[in-house]
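Content type PDB, C-alpha atoms, pLDDT in the B column, from the file input-v2.pdb:
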```pdb
ATOM      1  CA  SER A   1     -67.200  23.262   7.668  1.00 43.00           C
ATOM      2  CA  THR A   2     -66.026  25.498   4.774  1.00 46.00           C
ATOM      3  CA  GLY A   3     -63.559  27.190   7.159  1.00 45.00           C
ATOM      4  CA  VAL A   4     -61.845  23.865   7.880  1.00 43.00           C
ATOM      5  CA  PHE A   5     -61.590  23.131   4.143  1.00 44.00           C
ATOM      6  CA  ALA A   6     -60.131  26.602   3.488  1.00 42.00           C
ATOM      7  CA  LEU A   7     -57.467  26.106   6.202  1.00 43.00           C
ATOM      8  CA  ARG A   8     -56.388  22.743   4.777  1.00 43.00           C
ATOM      9  CA  SER A   9     -56.018  24.097   1.242  1.00 49.00           C
ATOM     10  CA  MET A  10     -53.758  26.970   2.369  1.00 57.00           C
ATOM     11  CA  THR A  11     -50.075  26.117   2.368  1.00 73.00           C
ATOM     12  CA  SER A  12     -47.628  27.243   5.005  1.00 86.00           C
ATOM     13  CA  ILE A  13     -44.273  28.922   4.475  1.00 89.00           C
ATOM     14  CA  CYS A  14     -41.352  26.454   4.412  1.00 89.00           C
ATOM     15  CA  PRO A  15     -38.482  27.117   6.810  1.00 87.00           C
ATOM     16  CA  ALA A  16     -35.397  28.814   5.357  1.00 81.00           C
ATOM     17  CA  GLU A  17     -32.064  27.065   4.821  1.00 71.00           C
ATOM     18  CA  GLY A  18     -30.434  25.979   8.086  1.00 71.00           C
ATOM     19  CA  GLU A  19     -33.697  25.973  10.042  1.00 71.00           C
ATOM     20  CA  GLN A  20     -35.959  23.042  10.827  1.00 86.00           C
ATOM     21  CA  CYS A  21     -37.846  21.412   7.995  1.00 89.00           C
ATOM     22  CA  SER A  22     -41.624  21.236   7.573  1.00 90.00           C
ATOM     23  CA  PHE A  23     -43.668  18.043   7.229  1.00 91.00           C
ATOM     24  CA  GLU A  24     -46.560  20.089   5.836  1.00 90.00           C
ATOM     25  CA  ASP A  25     -47.172  21.181   2.273  1.00 89.00           C
ATOM     26  CA  CYS A  26     -45.331  24.505   2.095  1.00 91.00           C
ATOM     27  CA  THR A  27     -44.036  27.171  -0.282  1.00 92.00           C
ATOM     28  CA  CYS A  28     -40.965  29.403  -0.232  1.00 91.00           C
ATOM     29  CA  SER A  29     -41.406  33.057   0.657  1.00 90.00           C
ATOM     30  CA  ASN A  30     -38.244  33.997  -1.287  1.00 90.00           C
ATOM     31  CA  SER A  31     -38.788  33.524  -5.034  1.00 88.00           C
ATOM     32  CA  SER A  32     -35.078  32.789  -5.617  1.00 88.00           C
ATOM     33  CA  HIS A  33     -35.315  29.756  -3.314  1.00 90.00           C
ATOM     34  CA  VAL A  34     -36.772  26.359  -4.132  1.00 90.00           C
ATOM     35  CA  ARG A  35     -38.505  23.843  -1.924  1.00 91.00           C
ATOM     36  CA  GLU A  36     -36.128  20.910  -1.331  1.00 89.00           C
ATOM     37  CA  LEU A  37     -36.658  17.561   0.325  1.00 89.00           C
ATOM     38  CA  VAL A  38     -34.094  17.804   3.140  1.00 87.00           C
ATOM     39  CA  ASN A  39     -35.056  14.926   5.396  1.00 88.00           C
ATOM     40  CA  VAL A  40     -37.423  12.009   5.855  1.00 89.00           C
ATOM     41  CA  SER A  41     -38.987  11.018   9.178  1.00 88.00           C
ATOM     42  CA  LEU A  42     -38.628   7.531  10.625  1.00 91.00           C
ATOM     43  CA  ASP A  43     -42.140   6.728   9.438  1.00 92.00           C
ATOM     44  CA  GLY A  44     -41.292   7.861   5.874  1.00 92.00           C
ATOM     45  CA  ARG A  45     -42.900  11.321   5.839  1.00 93.00           C
ATOM     46  CA  PRO A  46     -41.028  13.896   3.677  1.00 93.00           C
ATOM     47  CA  CYS A  47     -39.711  17.062   5.310  1.00 92.00           C
ATOM     48  CA  PHE A  48     -39.127  20.208   3.226  1.00 91.00           C
ATOM     49  CA  ALA A  49     -37.161  23.461   3.554  1.00 91.00           C
ATOM     50  CA  CYS A  50     -36.383  26.381   1.233  1.00 91.00           C
ATOM     51  CA  GLU A  51     -32.861  26.550  -0.138  1.00 89.00           C
ATOM     52  CA  PRO A  52     -31.161  28.693  -2.759  1.00 88.00           C
ATOM     53  CA  GLN A  53     -31.459  27.249  -6.233  1.00 86.00           C
ATOM     54  CA  ARG A  54     -28.264  25.360  -7.103  1.00 85.00           C
ATOM     55  CA  LEU A  55     -26.797  24.415 -10.428  1.00 89.00           C
ATOM     56  CA  PRO A  56     -26.510  20.699 -11.201  1.00 90.00           C
ATOM     57  CA  ALA A  57     -23.076  19.123 -10.702  1.00 92.00           C
ATOM     58  CA  CYS A  58     -20.743  18.970 -13.721  1.00 94.00           C
ATOM     59  CA  THR A  59     -19.421  15.581 -14.735  1.00 93.00           C
ATOM     60  CA  GLU A  60     -16.004  14.455 -13.470  1.00 92.00           C
ATOM     61  CA  VAL A  61     -15.788  11.550 -15.925  1.00 89.00           C
ATOM     62  CA  SER A  62     -12.996  11.799 -18.484  1.00 82.00           C
ATOM     63  CA  ASP A  63     -14.079  12.197 -22.125  1.00 87.00           C
ATOM     64  CA  GLN A  64     -17.526  13.464 -21.099  1.00 91.00           C
ATOM     65  CA  CYS A  65     -19.023  16.896 -20.446  1.00 92.00           C
ATOM     66  CA  THR A  66     -22.259  18.386 -19.129  1.00 94.00           C
ATOM     67  CA  PRO A  67     -24.216  20.288 -21.830  1.00 93.00           C
ATOM     68  CA  GLU A  68     -25.976  22.666 -19.411  1.00 94.00           C
ATOM     69  CA  ALA A  69     -24.842  25.230 -16.864  1.00 93.00           C
ATOM     70  CA  CYS A  70     -23.334  23.376 -13.918  1.00 94.00           C
ATOM     71  CA  ALA A  71     -20.925  23.693 -10.996  1.00 94.00           C
ATOM     72  CA  CYS A  72     -18.275  21.390  -9.551  1.00 93.00           C
ATOM     73  CA  ALA A  73     -19.540  19.319  -6.634  1.00 89.00           C
ATOM     74  CA  ASN A  74     -16.606  20.524  -4.510  1.00 89.00           C
ATOM     75  CA  SER A  75     -14.993  23.755  -5.676  1.00 85.00           C
ATOM     76  CA  ARG A  76     -12.101  23.298  -3.221  1.00 88.00           C
ATOM     77  CA  THR A  77     -10.881  20.085  -4.841  1.00 89.00           C
ATOM     78  CA  HIS A  78     -12.103  20.490  -8.446  1.00 92.00           C
ATOM     79  CA  VAL A  79     -11.879  23.127 -11.190  1.00 93.00           C
ATOM     80  CA  LYS A  80     -14.538  23.692 -13.852  1.00 94.00           C
ATOM     81  CA  TYR A  81     -13.461  23.741 -17.511  1.00 94.00           C
ATOM     82  CA  ASN A  82     -15.248  24.610 -20.764  1.00 94.00           C
ATOM     83  CA  ALA A  83     -15.277  22.194 -23.672  1.00 93.00           C
ATOM     84  CA  SER A  84     -17.302  21.617 -26.784  1.00 91.00           C
ATOM     85  CA  THR A  85     -19.241  18.629 -28.034  1.00 89.00           C
ATOM     86  CA  VAL A  86     -18.747  16.998 -31.426  1.00 89.00           C
ATOM     87  CA  ASP A  87     -21.364  19.322 -32.924  1.00 92.00           C
ATOM     88  CA  GLY A  88     -19.656  22.413 -31.412  1.00 92.00           C
ATOM     89  CA  SER A  89     -22.047  23.041 -28.506  1.00 93.00           C
ATOM     90  CA  LEU A  90     -20.571  24.426 -25.298  1.00 95.00           C
ATOM     91  CA  CYS A  91     -20.324  21.995 -22.379  1.00 95.00           C
ATOM     92  CA  PHE A  92     -18.520  21.778 -19.019  1.00 95.00           C
ATOM     93  CA  TYR A  93     -16.549  19.296 -16.914  1.00 94.00           C
ATOM     94  CA  CYS A  94     -14.655  19.284 -13.615  1.00 94.00           C
ATOM     95  CA  GLU A  95     -11.165  17.957 -12.901  1.00 92.00           C
ATOM     96  CA  PRO A  96      -9.240  17.650  -9.633  1.00 90.00           C
ATOM     97  CA  VAL A  97      -7.065  20.638  -8.730  1.00 87.00           C
ATOM     98  CA  ALA A  98      -3.379  19.948  -9.458  1.00 78.00           C
ATOM     99  CA  GLY A  99      -1.787  18.433  -6.372  1.00 62.00           C
ATOM    100  CA  THR A 100      -5.053  17.067  -4.942  1.00 57.00           C
ATOM    101  CA  PHE A 101      -5.044  13.361  -4.330  1.00 61.00           C
ATOM    102  CA  THR A 102      -8.205  11.368  -4.882  1.00 60.00           C
ATOM    103  CA  PHE A 103      -8.458   7.937  -3.289  1.00 65.00           C
ATOM    104  CA  GLY A 104     -10.267   5.708  -5.785  1.00 69.00           C
ATOM    105  CA  ARG A 105     -10.851   2.031  -6.438  1.00 74.00           C
ATOM    106  CA  SER A 106      -7.372   1.373  -7.872  1.00 77.00           C
ATOM    107  CA  GLU A 107      -5.721   2.861  -4.778  1.00 80.00           C
ATOM    108  CA  VAL A 108      -7.860   0.680  -2.511  1.00 83.00           C
ATOM    109  CA  LEU A 109      -6.873  -2.428  -4.496  1.00 84.00           C
ATOM    110  CA  LEU A 110      -3.197  -1.463  -4.239  1.00 87.00           C
ATOM    111  CA  VAL A 111      -3.436  -1.062  -0.449  1.00 89.00           C
ATOM    112  CA  VAL A 112      -5.219  -4.421  -0.116  1.00 90.00           C
ATOM    113  CA  LEU A 113      -2.525  -6.095  -2.234  1.00 90.00           C
ATOM    114  CA  LEU A 114       0.262  -4.565  -0.141  1.00 91.00           C
ATOM    115  CA  VAL A 115      -1.381  -5.644   3.120  1.00 91.00           C
ATOM    116  CA  PHE A 116      -1.821  -9.171   1.732  1.00 89.00           C
ATOM    117  CA  LEU A 117       1.837  -9.357   0.644  1.00 89.00           C
ATOM    118  CA  LEU A 118       2.996  -8.039   4.031  1.00 87.00           C
ATOM    119  CA  ALA A 119       0.876 -10.644   5.845  1.00 85.00           C
ATOM    120  CA  LEU A 120       2.222 -13.382   3.562  1.00 84.00           C
ATOM    121  CA  TRP A 121       5.809 -12.256   4.162  1.00 82.00           C
ATOM    122  CA  ARG A 122       5.290 -12.066   7.941  1.00 81.00           C
ATOM    123  CA  SER A 123       3.701 -15.520   8.062  1.00 79.00           C
ATOM    124  CA  GLY A 124       6.789 -17.013   6.408  1.00 72.00           C
ATOM    125  CA  ARG A 125       9.101 -15.385   8.974  1.00 66.00           C
ATOM    126  CA  GLN A 126       7.179 -16.439  12.069  1.00 56.00           C
ATOM    127  CA  PRO A 127       8.519 -19.569  13.815  1.00 56.00           C
ATOM    128  CA  ARG A 128       6.151 -22.500  13.868  1.00 55.00           C
ATOM    129  CA  LEU A 129       4.507 -22.948  17.246  1.00 56.00           C
ATOM    130  CA  LYS A 130       5.119 -26.694  17.468  1.00 57.00           C
ATOM    131  CA  ALA A 131       8.632 -26.603  15.983  1.00 53.00           C
ATOM    132  CA  THR A 132      11.589 -26.598  18.332  1.00 51.00           C
ATOM    133  CA  LEU A 133      14.480 -24.215  17.940  1.00 53.00           C
ATOM    134  CA  ARG A 134      17.026 -26.472  19.708  1.00 56.00           C
ATOM    135  CA  LEU A 135      19.233 -28.597  17.517  1.00 55.00           C
ATOM    136  CA  PRO A 136      19.560 -32.244  18.503  1.00 55.00           C
ATOM    137  CA  ARG A 137      22.903 -33.302  19.999  1.00 59.00           C
ATOM    138  CA  ARG A 138      25.226 -34.849  17.578  1.00 59.00           C
ATOM    139  CA  SER A 139      26.036 -38.362  18.588  1.00 57.00           C
ATOM    140  CA  GLY A 140      28.805 -40.583  17.302  1.00 54.00           C
ATOM    141  CA  ASP A 141      31.437 -37.895  17.003  1.00 54.00           C
ATOM    142  CA  GLN A 142      32.932 -38.530  20.449  1.00 54.00           C
ATOM    143  CA  HIS A 143      35.562 -40.902  19.083  1.00 54.00           C
ATOM    144  CA  ARG A 144      36.998 -38.099  16.954  1.00 56.00           C
ATOM    145  CA  ALA A 145      37.607 -35.856  19.929  1.00 54.00           C
ATOM    146  CA  ILE A 146      41.239 -34.953  20.504  1.00 58.00           C
ATOM    147  CA  ARG A 147      42.626 -35.031  23.986  1.00 60.00           C
ATOM    148  CA  VAL A 148      44.752 -32.181  24.999  1.00 61.00           C
ATOM    149  CA  SER A 149      47.361 -32.937  27.599  1.00 61.00           C
ATOM    150  CA  GLN A 150      48.172 -30.334  30.117  1.00 62.00           C
ATOM    151  CA  GLN A 151      51.805 -30.033  31.197  1.00 59.00           C
TER     152      GLN A 151
END
```

As C-alpha cells, the full file:
Amino acid sequence: STGVFALRSMTSICPAEGEQCSFEDCTCSNSSHVRELVNVSLDGRPCFACEPQRLPACTEVSDQCTPEACACANSRTHVKYNASTVDGSLCFYCEPVAGTFTFGRSEVLLVVLLVFLLALWRSGRQPRLKATLRLPRRSGDQHRAIRVSQQ
C-alpha cells in the first residue's frame, strides 16, 4: 500500500512545446521552461505542457507604458519603445509599425455607415413593384391635331 502512495506522489515530466499536453500533475525537465496550461478537456480537466518562459506583453494603449520587461504581442506588426514614467522609472510600450493598418472599432463603424448609406441610396433608385412605368394616354388633345394634306 505504501508503494501505491509513493507512485501517486511522484510527478511526471510534462511534454515539451509542440507535443501533446499532460492531464497529470507534471514538472518541466528543462529549468528554463515553465509549465503552462495549454488546453482544457471537454469535461474541464486542465492539460499542461512545458514552454519557454515568455515576457508579458507590453501595452499598446496610448499614454500608457508597462513598468516591467515586456515584449510586443506581435513583433511583425508592432515595435517596442522605451519611455519613462512621471517619477523617471523606465517603462515600455508598443506601437504599430509605420505603414501597418489596424482595423479597429472606428473603421468598423465607418464601413457599417457606408453600407447603410449605399443601401439607402439603392432603395431610392429602385422602381416600386406596384408602380407602373407606362404613362397614361393624354385625352382631350385630339381637337388640336393639325391635318396635313398630301398633294

Gap from atom CA of Thr66 of chain A to atom CA of Cys91 of chain A - Å, one decimal: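 One can read the atom CA of Thr66 of chain A to atom CA of Cys91 of chain A distance as 5.2 Å.
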
List the spatial neighbours of Thr85 of chain A as a PDB file with C-alpha atoms, in the coordinates of the input - criterion: any atom at most 9 Å away, only C-alpha atoms, same-chain residues fewer than 3 positions off excluded.
```
ATOM      1  CA  GLN A  64     -17.526  13.464 -21.099  1.00 91.00           C
ATOM      2  CA  CYS A  65     -19.023  16.896 -20.446  1.00 92.00           C
ATOM      3  CA  PRO A  67     -24.216  20.288 -21.830  1.00 93.00           C
ATOM      4  CA  GLY A  88     -19.656  22.413 -31.412  1.00 92.00           C
ATOM      5  CA  SER A  89     -22.047  23.041 -28.506  1.00 93.00           C
ATOM      6  CA  LEU A  90     -20.571  24.426 -25.298  1.00 95.00           C
ATOM      7  CA  CYS A  91     -20.324  21.995 -22.379  1.00 95.00           C
TER       8      CYS A  91
END
```

Would you kindly translate the PyMOL selection byres ((chain A and resi 76) around 12) into the concrete residues it picks from this file, as a list of chain:residue names? A:Ala71, A:Cys72, A:Ala73, A:Asn74, A:Ser75, A:Thr77, A:His78, A:Val79, A:Lys80, A:Cys94, A:Glu95, A:Pro96, A:Val97, A:Ala98, A:Gly99, A:Thr100

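Atom CA of Arg35 of chain A to atom CA of Cys58 of chain A spans 21.9 Å [interatomic distance, one decimal].
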
Which of A:Leu42, A:Gly18, A:Val112, A:Ile13 sits closest to Asn30 of chain A [using only C-alpha atoms]: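 Of A:Leu42, A:Gly18, A:Val112, A:Ile13, the one nearest Asn30 of chain A, counting only C-alpha atoms, is A:Ile13.
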
Which one of A:Ser32, A:Thr11, A:Val40, A:Asp63 sits closest to Ser84 of chain A if you count all atoms listed in the file?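 The closest residue to Ser84 of chain A is A:Asp63.
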
Spell out the residues picked by the PyMOL selection byres ((chain A and resi 14) around 9) here, as a PyMOL selection string. chain A and resi 11-13+15-16+21-22+24-29+35+48-50

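Between atom CA of Gln20 of chain A and atom CA of Arg45 of chain A there is a distance of 14.5 Å.
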
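Comparing A:Glu19, A:Asp43, A:Glu51, A:Glu68 by their smallest distance to Asn82 of chain A, the closest is A:Glu68 (using only C-alpha atoms).
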